[in-house]
$ cat data-v6.txt   # compact mmCIF, C-alpha atoms
# COMPACT_ATOMS: atom_id res chain seq x y z
CA MET A 299 45.03 -7.21 81.18
CA ARG A 300 43.93 -3.74 80.04
CA LEU A 301 44.53 -1.07 82.70
CA VAL A 302 42.86 2.31 83.05
CA LEU A 303 43.75 5.33 85.18
CA ARG A 304 40.69 7.23 86.39
CA GLU A 305 39.53 9.51 89.18
CA PRO A 306 38.42 7.65 92.32
CA THR A 307 34.79 7.16 93.34
CA VAL A 308 33.31 6.81 96.83
CA ASP A 309 33.57 3.03 96.45
CA ASP A 310 37.24 3.31 95.49
CA TYR A 311 38.01 5.22 98.68
CA ALA A 312 36.37 2.42 100.68
CA THR A 313 38.50 -0.12 98.84
CA VAL A 314 41.72 1.83 99.44
CA THR A 315 40.81 2.19 103.12
CA SER A 316 40.51 -1.60 103.37
CA TRP A 317 44.11 -1.97 102.12
CA VAL A 318 45.49 0.02 105.08
CA ALA A 319 45.33 -2.64 107.77
CA ASP A 320 47.19 -1.00 110.66
CA ALA A 321 49.02 2.11 111.83
CA SER A 322 52.33 0.86 110.41
CA ALA A 323 50.83 0.32 106.94
CA CYS A 324 49.16 3.72 107.17
CA ALA A 325 52.44 5.48 108.00
CA LEU A 326 54.21 3.66 105.17
CA TRP A 327 51.50 4.77 102.74
CA ALA A 328 50.64 8.29 103.88
CA GLY A 329 53.31 9.35 106.35
CA ALA A 330 53.75 9.29 110.10
CA ARG A 331 51.40 12.22 110.75
CA PHE A 332 48.44 10.67 108.91
CA PRO A 333 45.68 9.65 111.36
CA PHE A 334 44.90 5.99 111.90
CA PRO A 335 42.34 4.61 112.03
CA PHE A 336 40.38 6.68 109.53
CA ALA A 337 36.95 6.24 107.97
CA ALA A 338 36.54 5.72 104.24
CA ARG A 339 34.05 8.60 104.13
CA ASP A 340 36.79 10.92 105.49
CA LEU A 341 39.54 9.79 103.14
CA PRO A 342 38.83 12.21 100.26
CA ASP A 343 39.17 15.18 102.63
CA LEU A 344 42.19 13.73 104.44
CA ILE A 345 44.18 13.30 101.23
CA ARG A 346 42.91 16.22 99.17
CA VAL A 347 45.70 17.97 97.26
CA ALA A 348 45.17 21.61 96.36
CA LYS A 349 47.29 21.50 93.20
CA GLY A 350 47.27 17.97 91.87
CA ALA A 351 45.05 14.96 91.40
CA SER A 352 44.11 11.53 92.76
CA TYR A 353 43.74 8.43 90.59
CA VAL A 354 42.98 4.74 90.78
CA LEU A 355 44.33 2.08 88.48
CA CYS A 356 41.61 -0.33 87.38
CA ASP A 357 41.47 -3.45 85.26
CA GLU A 358 39.06 -4.16 82.40
CA ASN A 359 36.41 -5.28 84.93
CA ALA A 360 36.67 -1.95 86.79
CA ALA A 361 38.34 -3.64 89.78
CA THR A 362 40.44 -1.13 91.71
CA LEU A 363 44.04 -2.36 91.81
CA ALA A 364 46.06 0.67 92.95
CA PHE A 365 45.80 4.29 94.06
CA GLY A 366 48.14 7.25 93.78
CA GLN A 367 48.36 11.00 93.63
CA TYR A 368 50.51 13.74 92.25
CA ARG A 369 50.73 17.28 93.51
CA VAL A 370 52.49 20.36 92.20
CA PRO A 371 54.87 21.68 94.87
CA LYS A 372 56.38 24.26 92.54
CA THR A 373 56.26 25.26 88.91
CA GLY A 374 58.02 22.73 86.72
CA ALA A 375 57.69 19.74 89.06
CA VAL A 376 55.18 17.13 90.09
CA HIS A 377 55.47 15.11 93.28
CA LEU A 378 54.11 11.56 93.44
CA CYS A 379 52.52 10.61 96.74
CA ARG A 380 50.34 8.08 98.52
CA ILE A 381 51.11 5.23 96.14
CA ILE A 382 49.48 1.95 97.17
CA VAL A 383 48.73 -1.32 95.40
CA ALA A 384 46.02 -3.74 96.48
CA PRO A 385 47.56 -6.42 98.70
CA HIS A 386 46.41 -9.24 96.41
CA ALA A 387 47.98 -7.53 93.37
CA ARG A 388 51.44 -6.74 94.75
CA GLY A 389 54.44 -8.14 92.95
CA ASP A 390 52.83 -8.04 89.49
CA GLY A 391 54.33 -4.75 88.27
CA LEU A 392 51.26 -2.61 89.00
CA GLY A 393 53.16 -0.13 91.16
CA LYS A 394 55.46 0.63 88.25
CA VAL A 395 52.55 0.93 85.81
CA LEU A 396 50.67 3.23 88.20
CA CYS A 397 53.69 5.48 88.72
CA ARG A 398 54.42 5.66 84.99
CA MET A 399 50.79 6.62 84.30
CA LEU A 400 50.81 9.21 87.11
CA ILE A 401 54.02 10.70 85.76
CA ASP A 402 52.58 10.86 82.25
CA GLU A 403 49.36 12.46 83.49
CA GLY A 404 51.16 14.93 85.76
CA VAL A 405 53.54 15.99 82.99
CA ARG A 406 50.70 16.26 80.48
CA ALA A 407 48.59 18.36 82.85
CA THR A 408 51.34 20.64 84.15
CA GLY A 409 54.24 20.64 81.70
CA ALA A 410 56.56 19.56 84.52
CA THR A 411 60.18 18.75 83.73
CA ALA A 412 60.96 17.02 87.03
CA VAL A 413 59.24 14.44 89.21
CA THR A 414 59.92 13.93 92.90
CA LEU A 415 58.74 11.62 95.65
CA ARG A 416 59.59 10.52 99.16
CA VAL A 417 59.89 6.93 100.28
CA TYR A 418 60.77 5.30 103.56
CA ARG A 419 64.31 3.97 103.30
CA ASN A 420 63.17 0.57 104.60
CA ASN A 421 60.55 0.23 101.82
CA VAL A 422 62.86 -1.81 99.61
CA ALA A 423 60.20 -2.87 97.08
CA ALA A 424 59.02 0.70 96.46
CA ARG A 425 62.58 1.99 96.16
CA ALA A 426 63.29 -0.65 93.49
CA VAL A 427 60.21 0.42 91.52
CA TYR A 428 61.21 4.06 91.68
CA ARG A 429 64.81 3.34 90.66
CA SER A 430 63.53 1.34 87.67
CA LEU A 431 61.62 4.45 86.58
CA GLY A 432 64.76 6.59 86.68
CA PHE A 433 64.44 8.11 90.16
CA VAL A 434 67.71 8.77 91.94
CA PRO A 435 68.22 9.49 95.65
CA VAL A 436 68.80 13.08 96.68
CA GLU A 437 70.38 13.17 100.13
CA GLU A 438 69.65 16.88 100.45
CA GLY A 439 66.01 16.80 101.46
CA SER A 440 66.29 13.28 102.89
CA ASN A 441 66.55 12.25 106.53
CA PRO A 442 67.54 9.01 108.30
CA GLU A 443 64.07 7.50 107.76
CA VAL A 444 62.83 9.04 104.51
CA LEU A 445 64.59 9.25 101.17
CA TRP A 446 63.89 12.09 98.73
CA MET A 447 64.07 10.93 95.09
CA ARG A 448 64.00 12.83 91.82
CA ALA A 449 63.69 11.99 88.13
CA GLN A 450 63.56 13.91 84.91
CA ALA A 451 60.02 14.04 83.59
CA THR A 452 59.91 11.94 80.47
CA SER A 453 57.10 10.32 78.62
CA ALA A 454 58.65 6.88 78.31
CA PRO A 455 56.48 4.42 76.47
CA LEU A 456 54.21 2.59 78.87
CA ALA A 457 55.64 -0.69 77.60
CA GLU A 458 58.85 0.15 79.49
CA ALA A 459 56.90 0.30 82.75
CA LYS A 460 54.64 -2.67 82.33
CA GLY A 461 56.61 -5.50 83.88
CA ARG A 462 54.30 -8.53 83.81
CA VAL A 463 51.17 -6.46 83.22
CA THR A 464 49.84 -5.20 79.91
CA ALA A 465 48.06 -1.88 79.70
$ encode --input "data-v6.txt" --output "structure tokens"
Amino acid sequence: MRLVLREPTVDDYATVTSWVADASACALWAGARFPFPFAARDLPDLIRVAKGASYVLCDENAATLAFGQYRVPKTGAVHLCRIIVAPHARGDGLGKVLCRMLIDEGVRATGATAVTLRVYRNNVAARAVYRSLGFVPVEEGSNPEVLWMRAQATSAPLAEAKGRVTA
């Protein structure tokens, strides 16, 4: 399967909205302060990042399979956020591919040397993906519910991130 990272369209935002089924899923994806329910038409404004970008991961048929963002909290770093994979596509390595592509794009666009993210401690699957990409927990900046993670920005070959998916 050939995968492409591109900027989201109006239709993509509607698709991503459909993946967020309830308030719990919304908090896991976008944080406890994110409003739920939300309308697809409002999503671009709700998740806009001033310094950063939003992307969708699509297959060769242009089907939207995942969504994620990076933002630039400070010079030299990019922060991954709002990572979500389509429910029907989970468990196939797409989260790892998406994160690797977001890291590569963020580093290319900003020259960052570090990558950070936050993840709920109980999100075991996401934590495993992030660890496999070289992220390590940083207790300073974490709290009992949310873990702060950091990795050195590298441009590892995408093949290392593919899992069962080919890009």
$ residues_near_point --input "data-v6.txt" --point "(31.7, 3.7, 94.2)" --cutoff "12 Å" --atoms "only C-alpha atoms" --output "ChimeraX atom specification"
/A:305-314,338-339,354,360-362
$ write_last_selection --input "data-v6.txt" --atoms "C-alpha atoms" --output "PDB file, keeping the file's coordinate frame"
ATOM      1  CA  GLU A 305      39.530   9.510  89.180  1.00  0.00           C
ATOM      2  CA  PRO A 306      38.420   7.650  92.320  1.00  0.00           C
ATOM      3  CA  THR A 307      34.790   7.160  93.340  1.00  0.00           C
ATOM      4  CA  VAL A 308      33.310   6.810  96.830  1.00  0.00           C
ATOM      5  CA  ASP A 309      33.570   3.030  96.450  1.00  0.00           C
ATOM      6  CA  ASP A 310      37.240   3.310  95.490  1.00  0.00           C
ATOM      7  CA  TYR A 311      38.010   5.220  98.680  1.00  0.00           C
ATOM      8  CA  ALA A 312      36.370   2.420 100.680  1.00  0.00           C
ATOM      9  CA  THR A 313      38.500  -0.120  98.840  1.00  0.00           C
ATOM     10  CA  VAL A 314      41.720   1.830  99.440  1.00  0.00           C
ATOM     11  CA  ALA A 338      36.540   5.720 104.240  1.00  0.00           C
ATOM     12  CA  ARG A 339      34.050   8.600 104.130  1.00  0.00           C
ATOM     13  CA  VAL A 354      42.980   4.740  90.780  1.00  0.00           C
ATOM     14  CA  ALA A 360      36.670  -1.950  86.790  1.00  0.00           C
ATOM     15  CA  ALA A 361      38.340  -3.640  89.780  1.00  0.00           C
ATOM     16  CA  THR A 362      40.440  -1.130  91.710  1.00  0.00           C
TER      17      THR A 362
END
$ residues_around --input "data-v6.txt" --residues "Arg429 in chain A" --least-positions-apart "6" --cutoff "12 Å" --atoms "only C-alpha atoms" --output "ChimeraX atom specification"
/A:394,397,414-415,417,422-423,435,446-449,459
$ write_last_selection --input "data-v6.txt" --atoms "C-alpha atoms" --output "tab-separated table (two decimals), in the coordinates of the input"
chain	number	residue	atom	x	y	z
A	394	LYS	CA	55.46	0.63	88.25
A	397	CYS	CA	53.69	5.48	88.72
A	414	THR	CA	59.92	13.93	92.90
A	415	LEU	CA	58.74	11.62	95.65
A	417	VAL	CA	59.89	6.93	100.28
A	422	VAL	CA	62.86	-1.81	99.61
A	423	ALA	CA	60.20	-2.87	97.08
A	435	PRO	CA	68.22	9.49	95.65
A	446	TRP	CA	63.89	12.09	98.73
A	447	MET	CA	64.07	10.93	95.09
A	448	ARG	CA	64.00	12.83	91.82
A	449	ALA	CA	63.69	11.99	88.13
A	459	ALA	CA	56.90	0.30	82.75
$ atom_distance --input "data-v6.txt" --atom1 "CA of Gly393 in chain A" --atom2 "CA of Val302 in chain A"
13.3 Å
$ atom_distance --input "data-v6.txt" --atom1 "CA of Arg369 in chain A" --atom2 "CA of Ala319 in chain A"
25.1 Å
$ closest_residue --input "data-v6.txt" --among "A:Phe336, A:Ser440, A:Gly389, A:Cys379" --to "Asp320 in chain A" --atoms "only C-alpha atoms"
A:Phe336
$ residues_around --input "data-v6.txt" --residues "Leu326 in chain A" --least-positions-apart "2" --cutoff "10 Å" --atoms "all atoms listed in the file" --output "list in words"
Val318, Ala321, Ser322, Ala323, Cys324, Ala328, Gly329, Ala330, Phe332, Arg380, Ile381, Ile382, Val417, Tyr418, Asn420 and Asn421 of chain A
$ closest_residue --input "data-v6.txt" --among "A:Glu403, A:Ala348, A:Gly391, A:Pro335" --to "Val427 in chain A" --atoms "only C-alpha atoms"
A:Gly391
$ residues_around --input "data-v6.txt" --residues "Leu303 in chain A" --least-positions-apart "2" --cutoff "12 Å" --atoms "all atoms listed in the file" --output "ChimeraX atom specification"
/A:300-301,305-306,351-358,360-367,392,395-403,465
$ atom_distance --input "data-v6.txt" --atom1 "CA of Pro342 in chain A" --atom2 "CA of Val413 in chain A"
23.3 Å
$ residues_around --input "data-v6.txt" --residues "Ala375 in chain A" --least-positions-apart "6" --cutoff "6 Å" --atoms "all atoms listed in the file" --output "ChimeraX atom specification"
/A:410-413
$ write_last_selection --input "data-v6.txt" --atoms "C-alpha atoms" --output "short mmCIF file (atom, residue, chain, number, x, y, z; two decimals), keeping the file's coordinate frame"
data_model
loop_
_atom_site.label_atom_id
_atom_site.label_comp_id
_atom_site.auth_asym_id
_atom_site.auth_seq_id
_atom_site.Cartn_x
_atom_site.Cartn_y
_atom_site.Cartn_z
CA ALA A 410 56.56 19.56 84.52
CA THR A 411 60.18 18.75 83.73
CA ALA A 412 60.96 17.02 87.03
CA VAL A 413 59.24 14.44 89.21
#
$ axis_aligned_box --input "data-v6.txt" --around "range 367-380 of chain A" --padding-each-side "3 Å" --output "AutoDock Vina command-line options"
--center_x 53.2 --center_y 16.7 --center_z 92.6 --size_x 15.7 --size_y 23.2 --size_z 17.8
$ closest_residue --input "data-v6.txt" --among "A:His386, A:Leu344, A:Arg304, A:Tyr428" --to "Arg331 in chain A" --atoms "only C-alpha atoms"
A:Leu344
$ closest_residue --input "data-v6.txt" --among "A:Arg425, A:Leu341, A:Val405, A:Arg419" --to "Pro442 in chain A" --atoms "all atoms listed in the file"
A:Arg419
